[in-house]
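Encoded as structure tokens, the structure appears first; notes follow it.
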Amino acid sequence: MDNFTFYSPTYFVFGRDSEEQTGACVKRYGGSKVLIHYGGGSVVRSGLLDRVKKSLDAEGISYIELGGAKPNPLSGLVYEGIELARKEKIDFVLAVGGGSAIDSAKAIAFGSLYDGDFWDFYCGKQGQVTKSLPIGVVLTLAATGSEGSTDSVITNEDGMHKRCADGDVLRPMFAIMNPELTTTLPPYQTASGISDIMSHSMERYFSHTRDVELTDRLLEAVMLTIVKEAKRVMADPSNYEARANIMWAAMIAHNNITGVGREQDWGTHHMENELSTTYGCSHGAGLAILTPYWMNYAMKHEGVDRFVQFATRVFGCQMNFEDPETTALEGIAAFQNFVKSIGMPTTIGEIGGKPEDAPKLAAGMFHEAPNHGHFVKLTPEIAEEIYRSAM
Ligand code: NZQ
Ligand code: ZN
């Protein structure tokens, strides 16, 4: 096991009606003038935004609002939010929504305290973010784990490059997680979230670090839970217990408790950034497409052992001792059948891509960003090969 540090200070409030505690949570973490940030309007239509405001009113906390964060959030609104936060002397940023509203809120929260361009932290000019306004979350979508993570992913409209900034200060002070709020999601978004949770586990599972038994088993627990609950929630979107297990699994999958002490990959995530920015698919749909093709490449070049373990322990494939590669391949096929069964696409063609796009996708990924992947160190040539195989 590798050396590591792990700091996860987020206070989680989980369960039915938990959004009623928003005001008390903001107060607990010292917020007095709040910027409420949300997406395209689902929280307005559901009445959640009104309930959140009522809870802030009850604690005598003042607030202003900025909606409009798009799925795969854009830099333009972040600049707008930073200006607003400075002008209004905001001391707390509250995201109400999914990963996109949260990530945009994180960028506004630290960007408003930074003298330079907030993008410096995404393009690699600056290292980790170390100073930010406090952030709180009322979550409406189980997927990214941004409610407990150190990350913020933003797309710069200047060239449409999607990049990640990180830092412990980007972990929210609190996250309110009411699984009932996710019952209004369209099936495509529920499935995209499920795919993202699987991917966060797989990016950590495929590792060259040896003897990481505990985190292997934690990752398997998350994946087995998701495979089981995905079936229940897709058949019955109002199933509270399935929604609850998926919501907590999403957080566990990406606050990094399952990833400490081991090399992690993240090549598929970096490749996915190009699909969501080029074709406008959801993050989870892009991952569902790419992961099996990345696995195929990785298995052939880095050895079958981890893939055999994945196949037997997560998808219950029978071990073929004479030809372990067939077991590994069965696991990859089982994973692909799983994402297909919940309605995710399995080729880039299905989201509008053509084989001739592959070089452009690889070039976009490597634009001012030379390092991708650890289990498999990606080069532009390897990335292009994987994109091409996924067409
Ligand atoms: O914008 P609104 O109107 O709210 O609608 C959203 C959006 O259209 C809708 N939605 C959300 N909750 C809903 C709902 N509709 C009905 N009922 C609800 N309860 O769903 C759509 C997608 O929302 P979005 O926030 O974009 O989805 P998600 O949570 O999957 O976030 C994806 C973004 O997070 C990034 C992704 O790259 C992508 O940009 N990621 C962030 C990470 C992090 N910060 O740690 C890690 C991930 O790997 C990921 O990269
Ligand atoms: Zn993800």
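Each chain of the structure tokens is named A, B, ... in the order shown, its residues numbered from 1; ligands are numbered from 1 in display order.
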Need to verify the contact set: range 285-287 of chain A, 7 Å, only C-alpha atoms, exclusion of same-chain residues closer than 6 positions in sequence. Can you return it as a VMD selection string? chain A and resid 192 195 to 196 199 268 to 269 272 275 to 276 344 to 345
Among range 59-300 of chain A, which ones does DSSP assign to strand (DSSP E or B) (computed from the backbone)? Answer as a count of residues only. 33
For the contact check between chain A and ligand 2, emit one row per residue of chain A within 12 Å, containing the shortest atom pair and the distance in Å rounded to one decimal, counting only C-alpha atoms and all ligand atoms, chain then rising number order, as a Markdown table.
```
| residue | atom | partner | partner_atom_place_in_ligand_line | distance |
| --- | --- | --- | --- | --- |
| A:Asn72 | CA | ligand 2 | 1 (Zn) | 11.1 |
| A:Gly99 | CA | ligand 2 | 1 (Zn) | 9.4 |
| A:Ser100 | CA | ligand 2 | 1 (Zn) | 11.3 |
| A:Ala142 | CA | ligand 2 | 1 (Zn) | 11.2 |
| A:Ala143 | CA | ligand 2 | 1 (Zn) | 7.5 |
| A:Thr144 | CA | ligand 2 | 1 (Zn) | 5.4 |
| A:Gly145 | CA | ligand 2 | 1 (Zn) | 8.2 |
| A:Ser146 | CA | ligand 2 | 1 (Zn) | 9.2 |
| A:Ser149 | CA | ligand 2 | 1 (Zn) | 11.0 |
| A:Asp151 | CA | ligand 2 | 1 (Zn) | 10.3 |
| A:Ser152 | CA | ligand 2 | 1 (Zn) | 10.8 |
| A:Val153 | CA | ligand 2 | 1 (Zn) | 9.5 |
| A:Cys164 | CA | ligand 2 | 1 (Zn) | 10.9 |
| A:Ser192 | CA | ligand 2 | 1 (Zn) | 9.6 |
| A:Gly193 | CA | ligand 2 | 1 (Zn) | 8.5 |
| A:Ile194 | CA | ligand 2 | 1 (Zn) | 10.0 |
| A:Ser195 | CA | ligand 2 | 1 (Zn) | 8.4 |
| A:Asp196 | CA | ligand 2 | 1 (Zn) | 4.8 |
| A:Ile197 | CA | ligand 2 | 1 (Zn) | 6.9 |
| A:Met198 | CA | ligand 2 | 1 (Zn) | 8.8 |
| A:Ser199 | CA | ligand 2 | 1 (Zn) | 6.5 |
| A:His200 | CA | ligand 2 | 1 (Zn) | 5.8 |
| A:Ser201 | CA | ligand 2 | 1 (Zn) | 9.6 |
| A:Met202 | CA | ligand 2 | 1 (Zn) | 10.5 |
| A:Glu203 | CA | ligand 2 | 1 (Zn) | 9.3 |
| A:Arg204 | CA | ligand 2 | 1 (Zn) | 11.7 |
| A:Ala250 | CA | ligand 2 | 1 (Zn) | 9.9 |
| A:Met251 | CA | ligand 2 | 1 (Zn) | 11.5 |
| A:Ala253 | CA | ligand 2 | 1 (Zn) | 9.8 |
| A:His254 | CA | ligand 2 | 1 (Zn) | 8.4 |
| A:Asn255 | CA | ligand 2 | 1 (Zn) | 11.8 |
| A:Trp266 | CA | ligand 2 | 1 (Zn) | 9.1 |
| A:Gly267 | CA | ligand 2 | 1 (Zn) | 11.2 |
| A:Thr268 | CA | ligand 2 | 1 (Zn) | 9.3 |
| A:His269 | CA | ligand 2 | 1 (Zn) | 6.3 |
| A:His270 | CA | ligand 2 | 1 (Zn) | 9.5 |
| A:Met271 | CA | ligand 2 | 1 (Zn) | 11.2 |
| A:Glu272 | CA | ligand 2 | 1 (Zn) | 8.8 |
| A:Asn273 | CA | ligand 2 | 1 (Zn) | 9.5 |
| A:Ser276 | CA | ligand 2 | 1 (Zn) | 11.5 |
| A:Ser282 | CA | ligand 2 | 1 (Zn) | 10.2 |
| A:His283 | CA | ligand 2 | 1 (Zn) | 6.6 |
| A:Gly284 | CA | ligand 2 | 1 (Zn) | 6.8 |
| A:Ala285 | CA | ligand 2 | 1 (Zn) | 10.2 |
| A:Gly286 | CA | ligand 2 | 1 (Zn) | 9.6 |
| A:Leu287 | CA | ligand 2 | 1 (Zn) | 7.7 |
| A:Ala288 | CA | ligand 2 | 1 (Zn) | 10.6 |
| A:Thr291 | CA | ligand 2 | 1 (Zn) | 11.6 |
```
Just the selected residues (C-alpha atoms), exported as an mmCIF file, in the first residue's frame, please.
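Contents of the output file part-v7.cif:
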```cif
data_model
loop_
_atom_site.group_PDB
_atom_site.id
_atom_site.type_symbol
_atom_site.label_atom_id
_atom_site.label_comp_id
_atom_site.auth_asym_id
_atom_site.auth_seq_id
_atom_site.Cartn_x
_atom_site.Cartn_y
_atom_site.Cartn_z
ATOM 1 C CA ASN A 72 -20.944 19.984 -18.231
ATOM 2 C CA GLY A 99 -22.614 17.751 -10.218
ATOM 3 C CA SER A 100 -22.709 20.600 -12.717
ATOM 4 C CA ALA A 142 -26.586 10.684 -7.441
ATOM 5 C CA ALA A 143 -23.596 10.506 -9.764
ATOM 6 C CA THR A 144 -20.426 12.545 -9.523
ATOM 7 C CA GLY A 145 -19.794 12.475 -5.788
ATOM 8 C CA SER A 146 -18.905 16.173 -6.044
ATOM 9 C CA SER A 149 -15.100 15.357 -3.457
ATOM 10 C CA ASP A 151 -12.863 18.240 -7.530
ATOM 11 C CA SER A 152 -14.523 20.769 -9.803
ATOM 12 C CA VAL A 153 -14.825 20.078 -13.538
ATOM 13 C CA CYS A 164 -10.505 19.548 -13.456
ATOM 14 C CA SER A 192 -25.771 8.261 -16.468
ATOM 15 C CA GLY A 193 -25.244 8.651 -12.735
ATOM 16 C CA ILE A 194 -25.038 4.887 -12.261
ATOM 17 C CA SER A 195 -22.468 4.668 -15.042
ATOM 18 C CA ASP A 196 -20.394 7.457 -13.462
ATOM 19 C CA ILE A 197 -20.409 5.730 -10.059
ATOM 20 C CA MET A 198 -19.226 2.470 -11.655
ATOM 21 C CA SER A 199 -16.490 4.366 -13.464
ATOM 22 C CA HIS A 200 -15.259 6.128 -10.302
ATOM 23 C CA SER A 201 -14.831 2.689 -8.776
ATOM 24 C CA MET A 202 -13.186 1.184 -11.862
ATOM 25 C CA GLU A 203 -10.718 4.075 -12.288
ATOM 26 C CA ARG A 204 -9.479 3.103 -8.810
ATOM 27 C CA ALA A 250 -22.056 7.763 -5.298
ATOM 28 C CA MET A 251 -20.534 9.704 -2.434
ATOM 29 C CA ALA A 253 -17.237 6.077 -4.700
ATOM 30 C CA HIS A 254 -15.638 9.478 -5.096
ATOM 31 C CA ASN A 255 -14.689 11.055 -1.768
ATOM 32 C CA TRP A 266 -8.432 8.237 -14.682
ATOM 33 C CA GLY A 267 -7.509 7.821 -18.374
ATOM 34 C CA THR A 268 -11.110 6.943 -19.300
ATOM 35 C CA HIS A 269 -12.406 10.050 -17.522
ATOM 36 C CA HIS A 270 -9.944 12.232 -19.411
ATOM 37 C CA MET A 271 -10.950 10.596 -22.700
ATOM 38 C CA GLU A 272 -14.612 11.115 -21.794
ATOM 39 C CA ASN A 273 -14.156 14.881 -21.447
ATOM 40 C CA SER A 276 -19.249 15.302 -23.633
ATOM 41 C CA SER A 282 -23.833 13.163 -20.468
ATOM 42 C CA HIS A 283 -20.601 12.409 -18.628
ATOM 43 C CA GLY A 284 -21.940 8.987 -17.618
ATOM 44 C CA ALA A 285 -22.954 8.099 -21.179
ATOM 45 C CA GLY A 286 -19.454 8.922 -22.432
ATOM 46 C CA LEU A 287 -17.935 6.717 -19.742
ATOM 47 C CA ALA A 288 -20.327 3.850 -20.515
ATOM 48 C CA THR A 291 -14.802 1.949 -20.479
#
```
Determine, counting only C-alpha atoms, which protein, DNA and RNA residues have an atom within 10 Å of an atom of His208 in chain A; residues of the same chain fewer than 2 positions away are not included. Present the result as a JSON list (two decimals) with N, CA and C atoms, in the first residue's frame.
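Wrote result-v3.json, looks like this:
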```json
[["chain", "number", "residue", "atom", "x", "y", "z"],
["A", 205, "TYR", "N", -10.04, 0.79, -9.24],
["A", 205, "TYR", "CA", -9.87, -0.67, -9.13],
["A", 205, "TYR", "C", -8.72, -1.17, -10.00],
["A", 206, "PHE", "N", -8.61, -0.60, -11.21],
["A", 206, "PHE", "CA", -7.56, -1.06, -12.13],
["A", 206, "PHE", "C", -6.28, -0.30, -11.80],
["A", 210, "ARG", "N", -0.05, -3.24, -5.33],
["A", 210, "ARG", "CA", -0.37, -4.58, -4.83],
["A", 210, "ARG", "C", -0.82, -4.51, -3.37],
["A", 211, "ASP", "N", -1.49, -5.57, -2.94],
["A", 211, "ASP", "CA", -1.88, -5.73, -1.53],
["A", 211, "ASP", "C", -2.73, -4.58, -1.01],
["A", 212, "VAL", "N", -3.69, -4.14, -1.78],
["A", 212, "VAL", "CA", -4.62, -3.11, -1.30],
["A", 212, "VAL", "C", -5.98, -3.79, -1.10],
["A", 262, "ARG", "N", -3.39, 3.68, -3.17],
["A", 262, "ARG", "CA", -3.23, 2.93, -4.41],
["A", 262, "ARG", "C", -3.14, 3.88, -5.60],
["A", 263, "GLU", "N", -2.41, 3.41, -6.62],
["A", 263, "GLU", "CA", -2.38, 4.14, -7.88],
["A", 263, "GLU", "C", -3.78, 4.09, -8.50],
["A", 264, "GLN", "N", -4.19, 5.23, -9.05],
["A", 264, "GLN", "CA", -5.50, 5.28, -9.72],
["A", 264, "GLN", "C", -5.28, 5.63, -11.18],
["A", 265, "ASP", "N", -6.25, 5.31, -12.03],
["A", 265, "ASP", "CA", -5.99, 5.50, -13.46],
["A", 265, "ASP", "C", -6.48, 6.84, -14.00],
["A", 302, "GLU", "N", -1.46, -4.62, -20.12],
["A", 302, "GLU", "CA", -1.03, -4.55, -18.72],
["A", 302, "GLU", "C", -1.30, -5.84, -17.95],
["A", 306, "ARG", "N", -6.07, -8.24, -12.98],
["A", 306, "ARG", "CA", -7.08, -7.37, -12.37],
["A", 306, "ARG", "C", -8.44, -7.56, -13.06],
["A", 374, "HIS", "N", -2.69, 6.18, -15.52],
["A", 374, "HIS", "CA", -1.57, 5.63, -14.73],
["A", 374, "HIS", "C", -1.45, 4.13, -14.93],
["A", 375, "PHE", "N", -2.57, 3.41, -14.81],
["A", 375, "PHE", "CA", -2.55, 1.97, -15.07],
["A", 375, "PHE", "C", -2.11, 1.74, -16.51],
["A", 376, "VAL", "N", -2.71, 2.51, -17.40],
["A", 376, "VAL", "CA", -2.25, 2.60, -18.79],
["A", 376, "VAL", "C", -1.82, 4.05, -19.01]]
```
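One distance worth recording is that between CA of Phe366 in chain A and CA of Ile154 in chain A, which is 16.4 Å.
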Could you give me, as a list of chain:residue names, the residues within 6 Å of Val34 in chain A, counting only C-alpha atoms and dropping anything in the same chain fewer than 2 positions from it? A:Tyr63, A:Ile90, A:Phe92, A:Val93
Just-selected residues, C-alpha atoms written as a PDB file, in the first residue's frame:
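This went into part13.pdb:
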```
ATOM      1  CA  TYR A  63     -29.176  35.284  -0.030  1.00  0.00           C
ATOM      2  CA  ILE A  90     -20.937  36.802  -0.469  1.00  0.00           C
ATOM      3  CA  PHE A  92     -20.999  31.266   1.517  1.00  0.00           C
ATOM      4  CA  VAL A  93     -21.840  29.493  -1.762  1.00  0.00           C
TER       5      VAL A  93
END
```
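Checking A:Glu325, A:Asp120, A:Glu147, A:Asp2 one by one against ligand 1, counting only C-alpha atoms and all ligand atoms, you find the shortest gap at A:Glu147.
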From the options A:Glu20, A:Asp103, A:Asp168, A:Glu180, which residue's atoms come nearest to Phe6 in chain A, counting only C-alpha atoms? A:Asp168
